[in-house]
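Novice: Structure file start-v5.pdb, PDB, C-alpha atoms, is pasted below:
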```
MODEL        1
ATOM      1  CA  MET V   1     150.552 233.657-103.964
ATOM      2  CA  LYS V   2     150.923 237.348-104.715
ATOM      3  CA  ILE V   3     153.145 239.478-102.447
ATOM      4  CA  VAL V   4     152.496 243.241-102.457
ATOM      5  CA  GLU V   5     154.748 245.952-101.019
ATOM      6  CA  LEU V   6     152.736 248.750 -99.446
ATOM      7  CA  VAL V   7     154.091 252.299 -99.532
ATOM      8  CA  LEU V   8     152.790 255.553 -98.108
ATOM      9  CA  ASP V   9     150.008 256.973-100.275
ATOM     10  CA  GLU V  10     151.381 260.420-101.053
ATOM     11  CA  GLU V  11     147.960 261.697-102.150
ATOM     12  CA  GLN V  12     146.700 261.545 -98.565
ATOM     13  CA  GLU V  13     147.020 264.346 -96.024
ATOM     14  CA  THR V  14     147.404 261.858 -93.179
ATOM     15  CA  TYR V  15     149.236 258.579 -93.387
ATOM     16  CA  ILE V  16     148.923 256.671 -90.123
ATOM     17  CA  GLU V  17     145.806 257.895 -88.377
ATOM     18  CA  ALA V  18     145.747 255.668 -85.311
ATOM     19  CA  ILE V  19     147.187 252.716 -83.489
ATOM     20  CA  SER V  20     144.614 250.102 -82.617
ATOM     21  CA  VAL V  21     144.847 247.679 -79.714
ATOM     22  CA  VAL V  22     143.672 244.330 -81.042
ATOM     23  CA  GLU V  23     143.266 240.719 -80.015
ATOM     24  CA  THR V  24     145.049 239.345 -83.067
ATOM     25  CA  PRO V  25     147.789 241.647 -84.391
ATOM     26  CA  ALA V  26     148.556 241.155 -88.080
ATOM     27  CA  ILE V  27     152.282 241.381 -87.344
ATOM     28  CA  GLU V  28     151.849 238.267 -85.164
ATOM     29  CA  MET V  29     153.673 239.721 -82.155
ATOM     30  CA  GLU V  30     152.014 240.600 -78.889
ATOM     31  CA  PHE V  31     152.794 243.587 -76.692
ATOM     32  CA  LEU V  32     153.746 243.394 -73.029
ATOM     33  CA  ALA V  33     151.462 244.923 -70.445
ATOM     34  CA  LEU V  34     153.728 246.419 -67.800
ATOM     35  CA  LYS V  35     152.003 246.185 -64.487
ATOM     36  CA  ASP V  36     154.597 246.426 -61.767
ATOM     37  CA  GLN V  37     157.333 248.995 -61.678
ATOM     38  CA  LYS V  38     160.688 247.327 -60.982
ATOM     39  CA  ARG V  39     163.997 249.031 -60.326
ATOM     40  CA  PHE V  40     167.511 247.761 -60.849
ATOM     41  CA  GLU V  41     167.706 247.081 -57.093
ATOM     42  CA  PHE V  42     164.916 244.568 -57.714
ATOM     43  CA  LYS V  43     162.590 246.444 -55.399
ATOM     44  CA  GLN V  44     158.977 246.147 -56.389
ATOM     45  CA  LEU V  45     156.706 249.126 -55.975
ATOM     46  CA  ASP V  46     152.940 248.898 -55.657
ATOM     47  CA  GLY V  47     150.685 250.082 -58.424
ATOM     48  CA  ASP V  48     150.296 249.544 -62.108
ATOM     49  CA  LYS V  49     152.246 251.488 -64.699
ATOM     50  CA  GLN V  50     149.509 250.691 -67.211
ATOM     51  CA  ILE V  51     151.911 250.760 -70.148
ATOM     52  CA  LEU V  52     151.802 248.532 -73.216
ATOM     53  CA  ILE V  53     155.113 247.966 -74.999
ATOM     54  CA  GLY V  54     155.524 246.189 -78.302
ATOM     55  CA  PRO V  55     156.139 246.310 -82.021
ATOM     56  CA  ILE V  56     153.870 248.608 -83.987
ATOM     57  CA  LEU V  57     155.140 247.715 -87.442
ATOM     58  CA  ILE V  58     157.749 245.158 -88.524
ATOM     59  CA  PRO V  59     159.596 245.642 -91.833
ATOM     60  CA  ASN V  60     159.501 242.943 -94.501
ATOM     61  CA  LYS V  61     157.065 240.850 -92.445
ATOM     62  CA  PRO V  62     154.589 239.064 -94.728
ATOM     63  CA  ILE V  63     151.047 239.842 -93.548
ATOM     64  CA  PHE V  64     148.276 237.644 -94.912
ATOM     65  CA  ARG V  65     145.255 239.361 -96.449
ATOM     66  CA  LYS V  66     142.090 237.877 -97.913
ATOM     67  CA  THR V  67     139.391 239.548 -99.962
ATOM     68  CA  ALA V  68     136.355 238.079-101.682
ATOM     69  CA  LYS V  69     138.434 237.763-104.867
ATOM     70  CA  GLU V  70     141.914 236.720-103.706
ATOM     71  CA  GLU V  71     144.390 235.815-101.011
ATOM     72  CA  TYR V  72     147.769 237.556-100.864
ATOM     73  CA  TYR V  73     150.490 238.926 -98.609
ATOM     74  CA  ILE V  74     151.482 242.525 -97.954
ATOM     75  CA  TYR V  75     154.667 243.898 -96.418
ATOM     76  CA  PHE V  76     156.308 247.223 -95.573
ATOM     77  CA  SER V  77     159.947 248.075 -96.321
ATOM     78  CA  ARG V  78     162.256 249.461 -93.624
ATOM     79  CA  ASP V  79     162.059 252.857 -95.300
ATOM     80  CA  THR V  80     158.248 252.860 -95.244
ATOM     81  CA  VAL V  81     158.195 251.772 -91.584
ATOM     82  CA  ARG V  82     160.575 254.605 -90.638
ATOM     83  CA  LYS V  83     158.614 257.213 -92.612
ATOM     84  CA  ALA V  84     155.305 256.006 -91.152
ATOM     85  CA  SER V  85     156.627 256.249 -87.586
ATOM     86  CA  GLN V  86     157.946 259.763 -88.167
ATOM     87  CA  LEU V  87     154.802 261.025 -89.890
ATOM     88  CA  PHE V  88     152.577 259.565 -87.164
ATOM     89  CA  LEU V  89     154.296 261.778 -84.588
ATOM     90  CA  LYS V  90     154.828 264.751 -86.901
ATOM     91  CA  GLN V  91     151.081 264.860 -87.585
ATOM     92  CA  ASP V  92     150.383 264.834 -83.827
ATOM     93  CA  ASN V  93     148.541 261.509 -83.880
ATOM     94  CA  HIS V  94     150.180 260.087 -80.741
ATOM     95  CA  HIS V  95     146.818 260.252 -78.926
ATOM     96  CA  ASN V  96     144.780 258.555 -81.688
ATOM     97  CA  THR V  97     143.924 255.008 -80.674
ATOM     98  CA  THR V  98     141.116 252.590 -81.400
ATOM     99  CA  LEU V  99     139.862 249.270 -80.112
ATOM    100  CA  GLU V 100     139.874 246.554 -82.788
ATOM    101  CA  HIS V 101     139.847 249.262 -85.501
ATOM    102  CA  ASN V 102     136.232 250.079 -84.595
ATOM    103  CA  GLU V 103     135.860 252.159 -81.465
ATOM    104  CA  LYS V 104     137.796 255.394 -80.928
ATOM    105  CA  LEU V 105     139.427 255.432 -77.522
ATOM    106  CA  THR V 106     140.382 258.163 -75.093
ATOM    107  CA  GLY V 107     143.086 257.963 -72.470
ATOM    108  CA  LEU V 108     145.636 255.999 -74.516
ATOM    109  CA  HIS V 109     148.735 257.860 -75.663
ATOM    110  CA  LEU V 110     151.893 256.823 -77.460
ATOM    111  CA  VAL V 111     154.512 257.984 -74.967
ATOM    112  CA  GLU V 112     157.559 256.362 -76.521
ATOM    113  CA  SER V 113     158.440 255.522 -80.108
ATOM    114  CA  TRP V 114     161.654 254.206 -81.613
ATOM    115  CA  ILE V 115     163.089 252.294 -84.541
ATOM    116  CA  VAL V 116     165.261 249.276 -83.737
ATOM    117  CA  GLU V 117     168.695 250.174 -85.093
ATOM    118  CA  ASP V 118     170.834 247.516 -83.400
ATOM    119  CA  LYS V 119     169.111 244.269 -82.382
ATOM    120  CA  ALA V 120     171.773 243.346 -79.845
ATOM    121  CA  ASN V 121     171.621 246.656 -77.993
ATOM    122  CA  ASP V 122     167.976 247.614 -78.354
ATOM    123  CA  LYS V 123     165.584 248.335 -75.490
ATOM    124  CA  SER V 124     163.240 245.638 -76.831
ATOM    125  CA  ASN V 125     165.710 243.046 -75.473
ATOM    126  CA  VAL V 126     164.995 244.221 -71.922
ATOM    127  CA  TYR V 127     161.455 242.932 -72.438
ATOM    128  CA  GLY V 128     162.475 239.674 -74.125
ATOM    129  CA  MET V 129     161.313 240.704 -77.584
ATOM    130  CA  ASP V 130     163.228 239.465 -80.600
ATOM    131  CA  VAL V 131     162.355 241.874 -83.400
ATOM    132  CA  PRO V 132     164.267 242.629 -86.601
ATOM    133  CA  LYS V 133     166.256 245.753 -87.347
ATOM    134  CA  GLY V 134     163.964 248.510 -88.608
ATOM    135  CA  THR V 135     160.994 247.558 -86.407
ATOM    136  CA  TRP V 136     158.858 250.441 -85.133
ATOM    137  CA  MET V 137     158.495 249.906 -81.386
ATOM    138  CA  GLY V 138     156.246 251.856 -79.052
ATOM    139  CA  SER V 139     154.962 252.301 -75.535
ATOM    140  CA  ILE V 140     151.361 253.296 -74.979
ATOM    141  CA  LYS V 141     150.250 254.675 -71.626
ATOM    142  CA  VAL V 142     146.737 253.474 -70.780
ATOM    143  CA  GLU V 143     144.913 256.016 -68.624
ATOM    144  CA  ASN V 144     141.535 254.509 -69.402
ATOM    145  CA  ASP V 145     140.659 252.128 -66.556
ATOM    146  CA  LYS V 146     137.867 250.442 -68.503
ATOM    147  CA  ILE V 147     140.226 249.504 -71.352
ATOM    148  CA  TRP V 148     142.966 248.467 -68.911
ATOM    149  CA  ASN V 149     140.701 246.291 -66.760
ATOM    150  CA  ASP V 150     138.190 244.966 -69.301
ATOM    151  CA  HIS V 151     140.522 244.448 -72.258
ATOM    152  CA  VAL V 152     144.225 244.429 -71.294
ATOM    153  CA  LYS V 153     144.028 242.604 -67.958
ATOM    154  CA  ALA V 154     141.299 240.324 -69.328
ATOM    155  CA  GLY V 155     143.607 239.326 -72.202
ATOM    156  CA  LYS V 156     141.158 240.512 -74.860
ATOM    157  CA  VAL V 157     143.800 242.667 -76.588
ATOM    158  CA  LYS V 158     147.309 241.409 -77.229
ATOM    159  CA  GLY V 159     149.005 243.668 -79.745
ATOM    160  CA  PHE V 160     149.071 246.759 -81.901
ATOM    161  CA  SER V 161     147.795 247.307 -85.412
ATOM    162  CA  ILE V 162     148.085 250.456 -87.497
ATOM    163  CA  GLU V 163     145.373 252.348 -89.315
ATOM    164  CA  GLY V 164     146.623 254.232 -92.330
ATOM    165  CA  TYR V 165     146.574 254.999 -96.008
ATOM    166  CA  PHE V 166     148.864 253.000 -98.226
ATOM    167  CA  ALA V 167     149.164 252.174-101.893
ATOM    168  CA  ASP V 168     150.836 249.144-103.323
ATOM    169  CA  ARG V 169     154.190 249.754-104.997
ATOM    170  CA  ALA V 170     152.873 248.835-108.472
ATOM    171  CA  GLU V 171     149.890 251.200-108.204
ATOM    172  CA  ALA V 172     152.087 253.986-106.828
ATOM    173  CA  SER V 173     154.594 253.549-109.688
ATOM    174  CA  LYS V 174     151.781 253.510-112.264
ATOM    175  CA  LYS V 175     150.289 256.701-110.788
ATOM    176  CA  LYS V 176     153.712 258.383-110.759
ATOM    177  CA  THR V 177     154.222 257.458-114.423
ATOM    178  CA  GLU V 178     150.762 258.802-115.328
ATOM    179  CA  ASP V 179     151.489 262.040-113.429
ATOM    180  CA  GLU V 180     154.834 262.425-115.205
ATOM    181  CA  GLU V 181     153.173 261.850-118.592
ATOM    182  CA  LEU V 182     150.536 264.481-117.821
ATOM    183  CA  LEU V 183     153.212 266.941-116.671
ATOM    184  CA  ASN V 184     155.204 266.350-119.865
ATOM    185  CA  LYS V 185     152.068 266.969-121.974
ATOM    186  CA  ILE V 186     151.463 270.247-120.140
ATOM    187  CA  ILE V 187     155.094 271.328-120.587
ATOM    188  CA  ASN V 188     155.022 270.437-124.291
ATOM    189  CA  THR V 189     151.739 272.313-124.751
ATOM    190  CA  LEU V 190     153.195 275.390-123.068
ATOM    191  CA  LYS V 191     156.318 275.202-125.232
ATOM    192  CA  ASP V 192     154.181 275.135-128.387
TER     193      ASP V 192
ENDMDL
END
```
In structure tokens, how does this file's structure come out?
Specialist:
Amino acid sequence: MKIVELVLDEEQETYIEAISVVETPAIEMEFLALKDQKRFEFKQLDGDKQILIGPILIPNKPIFRKTAKEEYYIYFSRDTVRKASQLFLKQDNHHNTTLEHNEKLTGLHLVESWIVEDKANDKSNVYGMDVPKGTWMGSIKVENDKIWNDHVKAGKVKGFSIEGYFADRAEASKKKTEDEELLNKIINTLKD
């Protein structure tokens, strides 16, 4: 079966537009819904934090895709995961969220974002998550009671999924070669 590396599509103005909360995350890892605030003294405070913590994108993780014509796997390199996480914040998209890639949501904000650099000493371990080095982790604050009660607490959403513009490595390389050829033709024409 074909395996395709996806890279950022450099012809786009935005790369990762939103993070979607979904029932079945393609990366096959669920987030944690933090309900109770606990301190190191093991005192429990009342009230919900309403924070979802989990992997947003995992490098080199084969993700199954199926179209009418074929079945194949896609994956993202560590470098692409890092760039995507940085561009998402740089382009001020931390407040862009959707439900199952369909409905735009309000009241959900990415409040924490990090790349796992050292598996043994990463914050993800505090929450019992075993993710590989290079994983983009995030915390989303849910200030939308309807989403929290009707979807998170009800178990209808279990993970994150990204919405973005990517090209496969072969297409991106082909386009780059075509662009270089065109540039060389222009330079040669100008020289003549």
Novice: In terms of the shortest atom-to-atom distance over all atoms listed in the file, which of V:Glu143, V:Phe76, V:Asn93, V:Ile51 is closest to V:Phe31?
Specialist: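 Among the listed residues, V:Ile51 lies closest to V:Phe31.
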Novice: Please tell me which residues are no farther than 7 Å from (163.0, 255.2, -85.1) in the file, counting all atoms listed in the file, and write them as a list in words.
Specialist: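 Here the neighbourhood of the point contains Arg82, Ser85, Ser113, Trp114, Ile115, Val116 and Trp136 of chain V.
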Novice: Quick one: apply the PyMOL selection byres ((chain V and resi 62-73) around 9) to the file and drop the selected residues here as a ChimeraX atom specification.
Specialist: /V:1-5,26-28,59-61,74-76
Novice: Kindly provide, as a ChimeraX atom specification, the polymer residues lying within 10 Å of (151.5, 253.2, -82.8), counting only C-alpha atoms and using the coordinates exactly as they appear in the file.
Specialist: /V:16-21,54-57,84-85,88-89,93-97,109-113,136-140,160-163
Novice: Find the residue from V:Lys90, V:Thr98, V:Trp148, V:Pro132 that sits nearest to V:Val22; use all atoms listed in the file when measuring.
Specialist: V:Thr98
Novice: Quick one, how far is atom CA of V:Asn102 from atom CA of V:Arg78?
Specialist: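 Atom CA of V:Arg78 lies at a distance of 27.6 Å from atom CA of V:Asn102.
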Novice: Ranking V:Ile147, V:Ala154, V:Leu6, V:Ile58 by minimum distance to V:Lys104 and counting all atoms listed in the file, which one comes first?
Specialist: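 Of the candidates, the smallest distance to V:Lys104 is held by V:Ile147.
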Novice: What is the atom CA of V:Asp79 to atom CA of V:Lys158 distance in Å?
Specialist: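 If I compute the distance from atom CA of V:Asp79 to atom CA of V:Lys158, I get 26.0 Å.
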Novice: Could you work out how far atom CA of V:Thr80 lies from atom CA of V:Ala167, giving the answer in Å with one decimal?
Specialist: 11.3 Å
Novice: With only C-alpha atoms as the atoms that count, which of V:Glu100, V:Asp168, V:Asp122, V:Glu117 lies nearest to V:His151?
Specialist: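 With only C-alpha atoms as the atom set, the closest residue is V:Glu100.
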Novice: Just checking: using only C-alpha atoms, which residue out of V:Pro25, V:Lys83, V:Glu103, V:Leu108 ends up closest to V:Val142?
Specialist: V:Leu108
Novice: Of the residues V:Thr135, V:Thr24, V:Tyr127, V:Gly107, which is the one nearest to V:Val157, using only C-alpha atoms?
Specialist: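 Smallest separation from V:Val157 among the options: V:Thr24.
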Novice: Would you kindly return, as a CSV table (one decimal) with C-alpha atoms, in the frame of the given file, each protein, DNA or RNA residue with an atom no farther than 10 Å from any atom of V:Asp130, considering all atoms listed in the file and excluding same-chain residues fewer than 4 positions away?
Specialist:
```csv
chain,number,residue,atom,x,y,z
V,29,MET,CA,153.7,239.7,-82.2
V,55,PRO,CA,156.1,246.3,-82.0
V,119,LYS,CA,169.1,244.3,-82.4
V,120,ALA,CA,171.8,243.3,-79.8
V,122,ASP,CA,168.0,247.6,-78.4
V,124,SER,CA,163.2,245.6,-76.8
V,125,ASN,CA,165.7,243.0,-75.5
```
